[in-house]
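> Dropping a structure here in structure tokens format, bear with me for questions.
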Amino acid sequence: MSFADRLYQAAPGWMQSMLLNGYAFQLHRQRFGAEFRSLFADWEASQWWDPARMRAHQDERVRAVVQFAGAHVPFYGRHWAEHGVNASQVQGVGDLPLLPTITKADIRGAGNDMLSVPPAQLTHGHTSGTTGSPLSLWYDRETVIANNVADWRQKAWGGLALGDWCAVFLGRVIVPVEQRRPPFWRANHVQKQLWCSSFHLSEENLPRYIEEIRRRGIRFLEGYPSTMYIVASFLLRRGETLPLRAVFTSSETLHAIQRDAFDRAFQCPVFDFYGHAERVVFAGECDRHGGKHLFDEYGVTEILDDEGRPVPDDQPGMLTGTTLWNRGMPIIRYRTGDLSARTSARCQCGRGLGRLADIATKAEDIVVTPDGRFVSPSVLTHPFKPFDQLRKSQIIQDAPDHVLVKLVPSSDFSDAHLAQLEAGLRLRLGDAMRIETRIVDDIPAERSGKFRWVICQLPHGCQVDWER
Ligand SMILES: [Zn+2]
């Protein structure tokens, strides 16, 4: 945990609100300045361009990124030379298949050789770690802004404008886990977000959250599908609804059974979007909800077969992305590890942006603590994020008060790292849960080929029937 995190955890509630708003103000200045407003306006226009005009725009930008990377990023100079290609051969999107694809292992192996400038000049990020092996990433300023514009365009499609309040259930520890009484939330007045704790979602506490959202008149909700499902299935079990204008979900596969529960519990459309820390693919739903639109201004998305060749439209393949922004750490032809397909037909909304079918990612489960709190798998990824030294991990709940955490570490994973990881899990699961960590050689996928990062073996009211 960083010093700022420790300070936040130790502070009284009023000071937590102050710190949170100070932090939000800092983020706000970085993310919502004149450059944000100008790029947002550009993308408002470009979403309506016809595909040929967008392709020409992508050609120009991809050429510039590839040439920059070839000249300024040591990894690509070497890697492309080994494959007998050079940057000048890439004049546009159609030439990308000349370049080799790269994986998470390549980025990890390259270290600072993936960067064009020292890391001190860049913003740091991590992959979510749901595959159990988080990765360190770096963004330049333009990438931070473009990512924020992408996020806000998706929100705008769902009817959320800057200034509208939104209740957010993500992975940050907002309120100490030991806290027994509300408020289990903190208001962020800068970004108009009610940051709700994802770690107090018990049958006893859920009515308090719902009352608070009603009391404040909040009409938008954002969170991981599994967390939103905890809220929705609670409402439905009690025969209640919480009518809203839109629900935004991301980071996990949104299952049909979950979307159906959101429709009924929140009586509004769900806008599911796909983005990731590598910042090469962003895709989101428009109000027609026919799959997702690719944000073509953000990156170039390819669907490839096992040999790295493009597959035809409407056929599934590996989702692969190339940045059109990040000069600090250019990520070019990156295999995300997720499966999807491009859809050839234009969307009825009239936007010229490409389209993507549903994305298959990992299926996960919900942990329930001894004191009855439901904990989404995505929020449990957070304690894993600092550890590049973990190759794989898995969390199995096999008793009401016991989780087994399997770890496949690399050689530089130390006892201090392990202690820090355990402390992060303790912070989220509470003192009543016994947390057993076990170092193992490998964690095989299930027979279906799916890798479930969290497996809860106990029956409870928020479980998703993955086979449906
Ligand atoms: Zn559309």
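Lettering and numbering for the structure tokens are positional, with chains as A, B, ... in the shown order, residues counted from 1 in each chain, and ligands counted from 1 in the shown order.
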Could I get the residue neighbourhood of ligand 1 at 9 Å, counting only C-alpha atoms and all ligand atoms, as a count of residues only?
18
> Run DSSP on the backbone and tell me which residues of stretch 84-288 of chain A come out as helix (DSSP H, G or I); list them as a PyMOL selection string.
chain A and resi 87-89+93-98+104-114+119-121+141-157+206-215+225-237+256-266
> Using only C-alpha atoms, pick whichever of A:Ala64, A:Ala146, A:Leu427, A:Ile359 has the shortest atom-to-atom distance to A:Arg279.
A:Ala146
> Interatomic distance between atom CA of A:Arg327 and atom CA of A:Leu356?
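Distance between the two atoms: 26.0 Å.
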> Could you give me, as number ranges by chain, the residues within 7 Å of stretch 226-235 of chain A, counting only C-alpha atoms and dropping anything in the same chain fewer than 4 positions from it?
A: 239-241, 258, 261-262, 265, 376, 462
> Could those residues be written to a file, using N, CA, C and O atoms, as a JSON list (two decimals), in the first residue's frame?

[["chain", "number", "residue", "atom", "x", "y", "z"],
["A", 239, "GLY", "N", -38.40, -8.28, -4.57],
["A", 239, "GLY", "CA", -39.52, -7.79, -5.37],
["A", 239, "GLY", "C", -39.51, -6.27, -5.54],
["A", 239, "GLY", "O", -40.55, -5.65, -5.72],
["A", 240, "GLU", "N", -38.29, -5.66, -5.48],
["A", 240, "GLU", "CA", -38.19, -4.20, -5.61],
["A", 240, "GLU", "C", -37.51, -3.80, -6.92],
["A", 240, "GLU", "O", -36.88, -4.63, -7.56],
["A", 241, "THR", "N", -37.60, -2.52, -7.25],
["A", 241, "THR", "CA", -36.83, -1.98, -8.37],
["A", 241, "THR", "C", -36.16, -0.68, -7.92],
["A", 241, "THR", "O", -36.58, -0.07, -6.93],
["A", 258, "GLN", "N", -27.17, -11.62, -16.40],
["A", 258, "GLN", "CA", -26.94, -10.39, -15.65],
["A", 258, "GLN", "C", -27.65, -9.21, -16.32],
["A", 258, "GLN", "O", -28.31, -8.40, -15.65],
["A", 261, "ALA", "N", -31.20, -9.27, -15.50],
["A", 261, "ALA", "CA", -31.47, -8.84, -14.12],
["A", 261, "ALA", "C", -31.40, -7.31, -14.01],
["A", 261, "ALA", "O", -32.21, -6.69, -13.31],
["A", 262, "PHE", "N", -30.44, -6.67, -14.72],
["A", 262, "PHE", "CA", -30.31, -5.21, -14.67],
["A", 262, "PHE", "C", -31.54, -4.55, -15.31],
["A", 262, "PHE", "O", -32.06, -3.56, -14.80],
["A", 265, "ALA", "N", -34.30, -4.95, -12.65],
["A", 265, "ALA", "CA", -34.09, -4.27, -11.36],
["A", 265, "ALA", "C", -33.96, -2.75, -11.54],
["A", 265, "ALA", "O", -34.46, -1.98, -10.72],
["A", 376, "SER", "N", -17.18, -8.89, -5.23],
["A", 376, "SER", "CA", -16.99, -9.16, -6.66],
["A", 376, "SER", "C", -15.54, -9.55, -6.95],
["A", 376, "SER", "O", -14.62, -9.03, -6.33],
["A", 462, "CYS", "N", -26.22, -14.56, -4.93],
["A", 462, "CYS", "CA", -25.70, -13.72, -6.00],
["A", 462, "CYS", "C", -24.88, -14.51, -7.01],
["A", 462, "CYS", "O", -24.16, -13.93, -7.81]]
> Could you please determine the separation between atom CA of A:Ile366 and atom CA of A:Val168 in Å, to one decimal place?
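Result for atom CA of A:Ile366 versus atom CA of A:Val168: 18.3 Å, one decimal.
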> Between atom CA of A:His460 and atom CA of A:Gly372, what is the distance in Å, rounded to a tenth?
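About the pair atom CA of A:His460 and atom CA of A:Gly372: they are 9.9 Å apart.
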